[in-house]
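*Asks:* So here's coords06.cif, just mmCIF, C-alpha atoms and all ligand atoms:
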data_entry
#
loop_
_atom_site.label_atom_id
_atom_site.label_comp_id
_atom_site.auth_asym_id
_atom_site.auth_seq_id
_atom_site.Cartn_x
_atom_site.Cartn_y
_atom_site.Cartn_z
CA MET A 84 -3.16 -24.76 18.03
CA PRO A 85 -2.13 -23.76 21.58
CA ALA A 86 -5.08 -24.27 23.94
CA ASN A 87 -4.68 -20.76 25.32
CA LEU A 88 -5.37 -19.21 21.89
CA ALA A 89 -8.64 -21.15 21.54
CA ASP A 90 -9.56 -19.94 25.01
CA LEU A 91 -8.52 -16.36 24.18
CA THR A 92 -10.61 -16.44 20.98
CA ALA A 93 -13.68 -17.57 22.94
CA ARG A 94 -13.14 -14.84 25.53
CA LEU A 95 -12.63 -12.03 22.98
CA LYS A 96 -15.46 -13.01 20.64
CA PRO A 97 -18.32 -11.49 22.70
CA PHE A 98 -16.53 -8.13 22.65
CA ILE A 99 -16.54 -7.81 18.84
CA ASN A 100 -19.59 -5.62 18.25
CA ARG A 101 -20.85 -6.23 14.73
CA GLU A 102 -23.28 -3.30 14.76
CA ARG A 103 -20.59 -0.87 15.92
CA LEU A 104 -18.19 -2.23 13.30
CA VAL A 105 -20.68 -1.78 10.43
CA GLN A 106 -21.39 1.72 11.69
CA THR A 107 -17.68 2.61 11.78
CA ALA A 108 -17.21 1.31 8.25
CA THR A 109 -20.20 3.23 6.85
CA ARG A 110 -19.19 6.43 8.67
CA LEU A 111 -15.70 6.24 7.17
CA VAL A 112 -17.09 5.52 3.68
CA SER A 113 -19.52 8.46 4.01
CA GLN A 114 -16.61 10.95 4.06
CA LYS A 115 -15.09 11.93 0.72
CA SER A 116 -11.35 11.33 0.96
CA ARG A 117 -9.52 11.17 -2.34
CA THR A 118 -5.76 10.70 -1.98
CA GLY A 119 -4.23 13.97 -0.76
CA GLU A 120 -7.65 15.11 0.53
CA ALA A 121 -8.39 12.48 3.19
CA LYS A 122 -8.93 14.94 6.07
CA PRO A 123 -12.72 14.38 6.31
CA ALA A 124 -12.30 10.60 6.78
CA LEU A 125 -9.41 11.04 9.26
CA ASP A 126 -11.46 13.63 11.20
CA GLU A 127 -14.40 11.19 11.23
CA LEU A 128 -12.16 8.46 12.65
CA GLU A 129 -10.98 10.81 15.41
CA LYS A 130 -14.65 11.60 16.17
CA ILE A 131 -15.60 7.91 16.30
CA LEU A 132 -12.75 7.19 18.73
CA ARG A 133 -13.46 10.22 20.95
CA GLU A 134 -17.20 9.40 21.08
CA ASP A 135 -16.20 5.91 22.23
CA GLY A 136 -14.25 7.37 25.15
CA PHE A 137 -10.68 7.51 23.83
CA ALA A 138 -9.37 10.88 25.01
CA ASN A 139 -5.77 10.57 23.86
CA VAL A 140 -6.20 10.56 20.07
CA GLU A 141 -3.17 12.17 18.39
CA ARG A 142 -3.13 13.90 14.99
CA PRO A 143 0.49 13.82 13.78
CA ALA A 144 0.94 15.73 10.51
CA GLY A 145 3.49 13.35 9.05
CA GLY A 146 4.58 16.13 6.67
CA HIS A 147 1.02 16.48 5.30
CA PRO A 148 -0.68 19.08 7.56
CA VAL A 149 -3.76 19.46 5.31
CA ALA A 150 -4.81 15.94 6.38
CA PRO A 151 -3.10 15.00 9.65
CA ALA A 152 -2.95 11.29 10.40
CA VAL A 153 -4.65 9.59 13.36
CA ALA A 154 -2.64 7.76 16.02
CA LEU A 155 -3.90 6.16 19.20
CA ARG A 156 -2.21 3.91 21.76
CA LEU A 157 -3.86 1.36 24.03
CA GLU A 158 -1.51 0.68 26.94
CA SER A 159 -1.85 -2.42 29.12
CA GLY A 160 0.33 -0.83 31.81
CA ARG A 161 2.71 -3.81 31.74
CA ALA A 162 5.92 -4.36 29.80
CA GLY A 163 5.62 -6.07 26.46
CA LYS A 164 5.70 -5.58 22.73
CA THR A 165 3.71 -3.10 20.65
CA MET A 166 1.31 -4.41 18.02
CA GLN A 167 0.47 -1.85 15.33
CA PHE A 168 -2.68 -1.79 13.20
CA ASN A 169 -2.16 0.51 10.19
CA GLY A 170 -4.68 1.59 7.56
CA HIS A 171 -4.95 4.22 4.86
CA LEU A 172 -8.20 6.20 4.56
CA ASP A 173 -7.55 7.80 1.17
CA THR A 174 -9.26 6.47 -1.94
CA VAL A 175 -8.35 6.58 -5.64
CA HIS A 176 -9.61 9.55 -7.67
CA LEU A 177 -12.93 8.19 -8.98
CA PRO A 178 -16.48 9.57 -8.63
CA PHE A 179 -17.70 9.36 -5.02
CA VAL A 180 -20.11 6.53 -4.16
CA PRO A 181 -21.94 7.03 -0.80
CA PRO A 182 -22.25 4.11 1.63
CA SER A 183 -25.11 1.61 1.55
CA VAL A 184 -25.73 -1.64 3.40
CA ASP A 185 -27.12 -4.51 1.35
CA GLY A 186 -27.50 -7.66 3.49
CA ASP A 187 -23.97 -8.81 4.33
CA LEU A 188 -22.37 -6.28 1.99
CA ILE A 189 -21.28 -2.71 2.67
CA ARG A 190 -20.84 -0.72 -0.54
CA GLY A 191 -19.35 2.66 -1.39
CA SER A 192 -16.05 4.45 -2.02
CA GLY A 193 -13.24 2.82 -0.08
CA ALA A 194 -15.44 -0.02 1.29
CA CYS A 195 -12.89 -2.51 -0.06
CA ASP A 196 -9.72 -0.39 -0.29
CA MET A 197 -9.52 0.04 2.65
CA LYS A 198 -12.00 1.75 4.93
CA GLY A 199 -13.71 -1.59 5.63
CA GLY A 200 -10.45 -3.17 6.76
CA THR A 201 -9.52 -0.11 8.81
CA ALA A 202 -12.93 -0.29 10.53
CA ALA A 203 -12.17 -3.92 11.46
CA ALA A 204 -8.83 -2.83 12.98
CA VAL A 205 -10.65 -0.09 14.93
CA GLU A 206 -13.17 -2.67 16.20
CA ALA A 207 -10.32 -4.94 17.35
CA PHE A 208 -8.82 -1.97 19.20
CA GLN A 209 -12.16 -1.18 20.87
CA ALA A 210 -12.73 -4.84 21.80
CA LEU A 211 -9.28 -5.02 23.39
CA ARG A 212 -10.08 -1.97 25.53
CA ASP A 213 -13.60 -3.20 26.44
CA SER A 214 -12.47 -6.73 27.34
CA GLY A 215 -9.41 -5.76 29.38
CA LEU A 216 -7.71 -8.81 27.87
CA LEU A 217 -4.59 -6.97 26.71
CA THR A 218 -2.49 -7.89 29.74
CA ALA A 219 0.96 -6.87 28.44
CA GLY A 220 2.47 -4.41 25.98
CA SER A 221 0.43 -2.01 23.90
CA VAL A 222 -1.45 -1.59 20.66
CA LEU A 223 -0.85 1.33 18.31
CA LEU A 224 -3.55 2.28 15.81
CA THR A 225 -2.51 4.51 12.88
CA ALA A 226 -4.50 5.77 9.90
CA HIS A 227 -3.27 8.11 7.18
CA ASP A 228 -3.53 9.69 3.73
CA LEU A 229 -1.24 9.64 0.64
CA HIS A 230 -1.32 5.91 -0.06
CA GLU A 231 -2.70 5.64 -3.59
CA ALA A 232 -0.34 6.35 -6.52
CA PRO A 233 0.01 8.46 -8.57
CA TRP A 234 -1.54 11.00 -6.15
CA GLY A 235 0.47 9.77 -3.18
CA PHE A 236 3.62 7.72 -2.70
CA GLY A 237 3.38 6.73 0.96
CA GLU A 238 5.22 9.86 2.06
CA GLN A 239 2.95 10.56 5.06
CA LEU A 240 3.38 7.04 6.42
CA ASP A 241 7.15 7.21 5.78
CA GLN A 242 7.29 10.35 7.94
CA LEU A 243 5.13 8.76 10.67
CA ILE A 244 7.54 5.83 10.77
CA ARG A 245 10.52 8.20 11.00
CA ASP A 246 8.67 10.06 13.81
CA GLY A 247 8.38 6.85 15.83
CA TYR A 248 4.80 5.80 15.08
CA VAL A 249 5.85 2.20 14.62
CA GLY A 250 5.26 -1.00 16.56
CA ASN A 251 7.31 -4.20 16.87
CA ALA A 252 5.08 -5.78 14.22
CA VAL A 253 2.32 -4.47 11.98
CA LEU A 254 -1.01 -5.72 10.66
CA ILE A 255 -2.32 -4.05 7.48
CA PRO A 256 -5.99 -4.71 6.64
CA GLU A 257 -5.70 -4.38 2.84
CA PRO A 258 -8.16 -6.57 0.91
CA LEU A 259 -6.11 -9.78 0.79
CA SER A 260 -7.05 -12.85 2.80
CA SER A 261 -6.06 -15.93 0.79
CA HIS A 262 -2.46 -16.19 2.01
CA ILE A 263 0.27 -14.39 3.97
CA PRO A 264 2.31 -12.37 1.46
CA VAL A 265 6.00 -12.98 2.11
CA VAL A 266 7.76 -11.44 -0.88
CA GLY A 267 6.96 -8.74 -3.40
CA ARG A 268 8.74 -6.63 -5.99
CA GLY A 269 9.45 -2.93 -5.56
CA ASN A 270 7.90 -0.66 -8.16
CA ALA A 271 8.78 2.63 -9.85
CA THR A 272 7.11 4.45 -12.73
CA TRP A 273 9.12 6.33 -15.34
CA LYS A 274 8.49 8.63 -18.27
CA ALA A 275 11.18 9.49 -20.83
CA THR A 276 10.59 12.52 -23.07
CA ILE A 277 12.87 12.74 -26.11
CA ARG A 278 13.31 16.15 -27.78
CA ARG A 279 15.15 17.77 -30.66
CA PRO A 280 15.71 21.57 -30.59
CA GLY A 281 13.81 22.81 -33.70
CA PRO A 282 10.06 23.32 -34.20
CA PRO A 283 7.72 20.76 -35.86
CA VAL A 284 7.97 21.19 -39.66
CA HIS A 285 6.78 19.52 -42.88
CA GLU A 286 8.98 16.53 -43.55
CA VAL A 287 10.30 18.03 -46.82
CA HIS A 288 11.66 20.96 -44.80
CA ARG A 289 13.24 18.64 -42.29
CA PRO A 290 16.61 20.08 -41.13
CA LEU A 291 19.12 17.37 -42.04
CA ASP A 292 21.36 18.10 -39.08
CA GLU A 293 18.59 17.37 -36.55
CA PRO A 294 18.05 13.88 -35.13
CA SER A 295 14.74 12.03 -35.43
CA VAL A 296 13.03 11.68 -32.07
CA ILE A 297 11.17 8.61 -33.37
CA ASP A 298 14.47 6.91 -34.26
CA ALA A 299 15.74 7.77 -30.78
CA GLY A 300 12.53 6.32 -29.28
CA ALA A 301 13.04 3.12 -31.28
CA GLU A 302 16.61 2.87 -30.01
CA LEU A 303 15.41 3.35 -26.43
CA VAL A 304 12.83 0.58 -26.93
CA ALA A 305 15.55 -1.75 -28.23
CA ARG A 306 17.90 -0.97 -25.34
CA LEU A 307 15.11 -1.48 -22.79
CA ARG A 308 14.30 -4.84 -24.40
CA GLN A 309 17.93 -5.90 -23.89
CA MET A 310 17.71 -4.70 -20.31
CA SER A 311 14.51 -6.62 -19.75
CA GLN A 312 16.10 -9.85 -21.06
CA HIS A 313 18.92 -9.37 -18.60
CA LEU A 314 16.51 -8.56 -15.74
CA ALA A 315 14.48 -11.69 -16.47
CA THR A 316 17.41 -13.75 -15.13
CA ARG A 317 16.93 -12.22 -11.67
CA ILE A 318 14.07 -14.37 -10.39
CA ASP A 319 12.39 -15.13 -7.09
CA PRO A 320 10.23 -18.28 -7.20
CA GLN A 321 7.28 -16.50 -5.57
CA ALA A 322 7.61 -12.84 -6.57
CA GLY A 323 8.62 -13.43 -10.19
CA SER A 324 11.44 -11.69 -12.03
CA GLU A 325 12.73 -8.14 -12.16
CA ALA A 326 11.35 -6.24 -15.11
CA VAL A 327 11.29 -3.06 -17.13
CA PHE A 328 8.00 -2.50 -18.92
CA ILE A 329 6.88 -0.01 -21.58
CA GLY A 330 3.15 0.75 -21.47
CA GLN A 331 2.93 3.80 -23.76
CA ILE A 332 4.82 5.40 -26.61
CA HIS A 333 3.69 8.54 -28.44
CA SER A 334 5.09 10.81 -31.14
CA GLY A 335 3.91 12.93 -34.05
CA GLU A 336 0.73 14.71 -35.07
CA ILE A 337 0.27 13.74 -38.74
CA TYR A 338 2.03 11.41 -41.18
CA ASN A 339 4.22 13.98 -42.97
CA GLN A 340 5.28 16.23 -40.12
CA PHE A 341 8.79 15.94 -38.64
CA PRO A 342 7.95 15.65 -34.93
CA GLN A 343 9.65 17.43 -32.10
CA THR A 344 9.05 15.07 -29.20
CA CYS A 345 8.57 11.39 -28.50
CA TRP A 346 7.68 10.06 -25.08
CA LEU A 347 7.58 6.63 -23.51
CA GLN A 348 6.16 5.59 -20.16
CA GLY A 349 6.34 2.42 -18.13
CA THR A 350 7.40 0.68 -14.93
CA ARG A 351 10.50 -0.87 -13.39
CA ARG A 352 10.14 -3.67 -10.83
CA TRP A 353 12.89 -5.13 -8.65
CA LEU A 354 13.40 -7.81 -6.02
CA PRO A 355 14.24 -7.45 -2.31
CA GLY A 356 17.93 -6.90 -1.60
CA VAL A 357 18.42 -4.44 -4.47
CA LYS A 358 18.67 -0.74 -3.52
CA PRO A 359 16.00 1.45 -5.21
CA ALA A 360 18.60 4.21 -5.74
CA GLU A 361 20.84 1.80 -7.66
CA VAL A 362 17.93 0.63 -9.78
CA GLU A 363 17.19 4.25 -10.68
CA GLN A 364 20.85 5.01 -11.42
CA GLU A 365 21.09 2.00 -13.76
CA PHE A 366 17.95 3.13 -15.63
CA ARG A 367 19.14 6.72 -15.95
CA GLY A 368 22.56 5.50 -17.13
CA LEU A 369 20.99 3.51 -19.98
CA VAL A 370 18.83 6.45 -21.05
CA SER A 371 21.76 8.85 -21.02
CA GLN A 372 23.72 6.51 -23.35
CA VAL A 373 20.80 6.61 -25.80
CA GLU A 374 20.67 10.40 -25.42
CA LYS A 375 24.35 10.76 -26.34
CA ARG A 376 24.25 8.30 -29.24
CA THR A 377 21.12 9.87 -30.78
CA ARG A 378 22.12 13.52 -30.11
CA THR A 379 18.71 14.22 -28.57
CA THR A 380 17.73 15.55 -25.16
CA ILE A 381 15.93 13.02 -22.95
CA ASP A 382 14.20 14.13 -19.74
CA ILE A 383 13.32 11.41 -17.25
CA GLU A 384 10.60 11.57 -14.65
CA TYR A 385 11.24 8.67 -12.28
CA GLN A 386 9.07 7.96 -9.25
CA VAL A 387 9.58 5.15 -6.74
CA ILE A 388 6.13 3.93 -5.66
CA ARG A 389 7.34 1.54 -2.91
CA ASP A 390 10.46 -0.51 -2.24
CA ALA A 391 10.47 -4.32 -2.48
CA PHE A 392 9.15 -6.44 0.38
CA ARG A 393 10.25 -9.56 2.21
CA LEU A 394 8.71 -10.93 5.38
CA ASP A 395 11.18 -12.68 7.69
CA THR A 396 9.17 -15.85 8.25
CA SER A 397 11.34 -16.73 11.28
CA ASP A 398 10.06 -13.60 13.07
CA PRO A 399 8.02 -14.76 16.11
CA PHE A 400 5.15 -12.54 14.94
CA VAL A 401 4.59 -14.78 11.92
CA ASP A 402 3.97 -17.85 14.08
CA VAL A 403 1.71 -15.86 16.40
CA PHE A 404 -0.36 -14.63 13.45
CA ARG A 405 -0.65 -18.11 11.89
CA GLU A 406 -1.76 -19.63 15.20
CA ALA A 407 -4.26 -16.81 15.76
CA TYR A 408 -5.57 -17.34 12.23
CA THR A 409 -6.09 -21.06 12.84
CA ALA A 410 -7.71 -20.38 16.22
CA THR A 411 -10.19 -17.88 14.78
CA SER A 412 -10.88 -19.49 11.38
CA GLY A 413 -10.54 -23.19 12.09
CA HIS A 414 -8.01 -23.82 9.30
CA PRO A 415 -4.40 -22.85 8.56
CA ILE A 416 -3.11 -20.16 6.18
CA ASP A 417 -0.17 -20.54 3.77
CA PHE A 418 2.50 -18.20 2.46
CA GLY A 419 2.33 -16.61 -0.98
CA PRO A 420 3.46 -13.62 -3.05
CA LYS A 421 2.63 -9.92 -2.64
CA ALA A 422 1.49 -9.00 -6.14
CA PHE A 423 1.04 -5.28 -5.45
CA VAL A 424 3.13 -2.91 -3.36
CA ASP A 425 1.48 -1.69 -0.15
CA ASP A 426 2.37 -0.06 3.17
CA GLY A 427 4.06 -3.29 4.30
CA CYS A 428 6.88 -2.37 1.89
CA SER A 429 7.47 0.88 3.84
CA PHE A 430 7.51 -0.87 7.25
CA CYS A 431 9.89 -3.48 5.84
CA SER A 432 12.35 -1.04 4.23
CA LEU A 433 12.24 1.89 6.70
CA ALA A 434 11.72 0.14 10.04
CA GLN A 435 12.73 -3.49 9.40
CA VAL A 436 9.68 -4.72 11.31
CA ALA A 437 7.52 -7.66 10.28
CA ALA A 438 4.34 -6.52 8.53
CA ILE A 439 1.52 -8.85 7.51
CA THR A 440 -1.15 -7.72 5.06
CA HIS A 441 -4.46 -9.38 5.86
CA GLY A 442 -7.92 -7.94 5.37
CA PRO A 443 -11.56 -8.76 4.76
CA LYS A 444 -13.18 -10.48 1.78
CA SER A 445 -14.09 -7.62 -0.50
CA GLY A 446 -13.90 -6.53 -4.11
CA GLY A 447 -14.02 -3.72 -6.63
CA ALA A 448 -10.81 -2.01 -5.48
CA HIS A 449 -10.00 0.96 -7.75
CA THR A 450 -13.49 0.89 -9.31
CA VAL A 451 -16.81 2.58 -8.44
CA GLU A 452 -18.23 -0.83 -7.40
CA GLU A 453 -16.47 -1.43 -4.10
CA TRP A 454 -17.92 -3.80 -1.50
CA VAL A 455 -16.87 -5.56 1.68
CA SER A 456 -18.44 -8.44 3.61
CA SER A 457 -19.61 -7.52 7.13
CA ASP A 458 -19.27 -11.15 8.26
CA ASP A 459 -15.66 -11.10 7.19
CA LEU A 460 -15.03 -7.75 8.88
CA VAL A 461 -16.12 -9.44 12.11
CA ARG A 462 -13.68 -12.30 11.43
CA VAL A 463 -10.79 -9.87 10.78
CA ALA A 464 -11.55 -7.83 13.91
CA LEU A 465 -11.44 -10.97 16.06
CA LEU A 466 -8.25 -12.18 14.36
CA TYR A 467 -6.55 -8.81 14.94
CA ALA A 468 -7.56 -8.72 18.61
CA VAL A 469 -6.37 -12.30 19.27
CA THR A 470 -3.09 -11.70 17.41
CA ALA A 471 -2.43 -8.51 19.40
CA VAL A 472 -2.95 -10.14 22.82
CA ALA A 473 -0.78 -13.14 21.89
CA PHE A 474 1.99 -11.05 20.30
CA CYS A 475 2.27 -8.42 23.04
CA GLN A 476 3.18 -10.99 25.74
CA PRO A 477 6.82 -10.40 26.80
ZN ZN B 501 -5.34 0.05 -0.15
#
Since I need it in another form, could you write the structure as structure tokens?

*Replies:*
Amino acid sequence: MPANLADLTARLKPFINRERLVQTATRLVSQKSRTGEAKPALDELEKILREDGFANVERPAGGHPVAPAVALRLESGRAGKTMQFNGHLDTVHLPFVPPSVDGDLIRGSGACDMKGGTAAAVEAFQALRDSGLLTAGSVLLTAHDLHEAPWGFGEQLDQLIRDGYVGNAVLIPEPLSSHIPVVGRGNATWKATIRRPGPPVHEVHRPLDEPSVIDAGAELVARLRQMSQHLATRIDPQAGSEAVFIGQIHSGEIYNQFPQTCWLQGTRRWLPGVKPAEVEQEFRGLVSQVEKRTRTTIDIEYQVIRDAFRLDTSDPFVDVFREAYTATSGHPIDFGPKAFVDDGCSFCSLAQVAAITHGPKSGGAHTVEEWVSSDDLVRVALLYAVTAVAFCQP
């Protein structure tokens, strides 16, 4: 570990204010902010920052004016790189759980995913301002809505990136702290609805010139199985293989009625280096062959959740982060896979900047039992502040 990072850690540590951090986290959790409706939490963040003396908080719409994002820059006044901290303040659509503090744990909606982590990033930002230790470059803090599928698909962040709200490297405080994710598969969801023209009728009145939608569904299943065998040969040692997956199939009302529709739903996952548009085209091509052969009509709803992800481990940011991690935690951190898509995928595909997902120890994501450790929020805040100072040096 470079001696200057140990020294920097010691100098920044007194500026991480645990009480303020817990307060920020609970204030963010206290605002209902389901995906698409995150305005109250984003407004609360603006209030927290203004009350703390930041006058230049921006609220870019990012194409979602009902819940404008929050953006704030901390300028050192000297040339250097820009470190971005990015968090989403929307939560999945589950019953609201208000915040509570229980010893080390903060509970409530979004405590884990990811208002806790965003609060740690805010604390790092405040500590950098209070300490005056950011001597070069700048730090950009962004927070937004529309993260959680199927209610959002990252479209607000995508627009923010296109509008220039992007640093030279990004830290994302999602609840993952065991390793640095370096590769992950892209993900799309699809639904295929197979139809024949006539109405549902008793099977004995079945019109003989009309195709069976269940037969067509079976053929689609068989063709997708062939596709999945082929995709299984495209493998990354850490991210796994490409895949097409069927999670649901439905048709018919009762045993002796000739049904009118059959629908199937699932996912398609791909590796970095493959274009999402080509993946979609290949899928649609297969379905249209089944449509022609079976003389049915097949409608496809196809939604890209996020593109695939690869972190360029030779990017200088990666070394800076690993050294800052060792300096603040006392032990090193390894590389590993990114099992789920996150905002890092958007920074990677739209801006080609290095993005590391690293957040606090927490649990219960996408349940009504979310929690986050305050001790670990303090650790993450310090790690973010140290990383920013070290990275922003010219
Ligand atoms: Zn999240």

*Asks:* Which residues sit within 7 Å of ligand ZN 501 (chain B), counting all atoms listed in the file, listed as a count of residues only?

*Replies:* 4

*Asks:* Excluding Pro123 (chain A) and any residue of its chain fewer than 4 positions from it, enumerate the residues within 10 Å of it, using all atoms listed in the file, and give them as a list in words.

*Replies:*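 With the cut-off at 10 Å, the set is Leu111, Ser113, Gln114, Lys115, Ser116, Arg117, Glu127, Leu128, Glu129, Ala150, Leu172 and Asp173 of chain A.
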
*Asks:* Within 9 Å of Asp228 (chain A), counting all atoms listed in the file, which residues show up once you throw out same-chain ones fewer than 5 positions away? Write them as a VMD selection string, please.

*Replies:* chain A and resid 116 to 122 125 147 150 to 152 171 to 174 235 237 to 240

*Asks:* What's around Thr272 (chain A) at 12 Å? Count only C-alpha atoms, leave out sequence neighbours fewer than 5 positions away in its own chain, and write the answer as a tab-separated table (two decimals) with C-alpha atoms, in the frame of the given file.

*Replies:*
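Wrote selection30.tsv, looks like this:
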chain	number	residue	atom	x	y	z
A	232	ALA	CA	-0.34	6.35	-6.52
A	233	PRO	CA	0.01	8.46	-8.57
A	236	PHE	CA	3.62	7.72	-2.70
A	326	ALA	CA	11.35	-6.24	-15.11
A	327	VAL	CA	11.29	-3.06	-17.13
A	328	PHE	CA	8.00	-2.50	-18.92
A	329	ILE	CA	6.88	-0.01	-21.58
A	330	GLY	CA	3.15	0.75	-21.47
A	331	GLN	CA	2.93	3.80	-23.76
A	347	LEU	CA	7.58	6.63	-23.51
A	348	GLN	CA	6.16	5.59	-20.16
A	349	GLY	CA	6.34	2.42	-18.13
A	350	THR	CA	7.40	0.68	-14.93
A	351	ARG	CA	10.50	-0.87	-13.39
A	352	ARG	CA	10.14	-3.67	-10.83
A	353	TRP	CA	12.89	-5.13	-8.65
A	362	VAL	CA	17.93	0.63	-9.78
A	363	GLU	CA	17.19	4.25	-10.68
A	366	PHE	CA	17.95	3.13	-15.63
A	383	ILE	CA	13.32	11.41	-17.25
A	384	GLU	CA	10.60	11.57	-14.65
A	385	TYR	CA	11.24	8.67	-12.28
A	386	GLN	CA	9.07	7.96	-9.25
A	387	VAL	CA	9.58	5.15	-6.74
A	388	ILE	CA	6.13	3.93	-5.66
A	389	ARG	CA	7.34	1.54	-2.91

*Asks:* Taking only C-alpha atoms into account, which of A:Leu354, A:Leu369, A:Ala407, A:Ala108 comes nearest Ala422 (chain A)?

*Replies:*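 With only C-alpha atoms as the atom set, the closest residue is A:Leu354.
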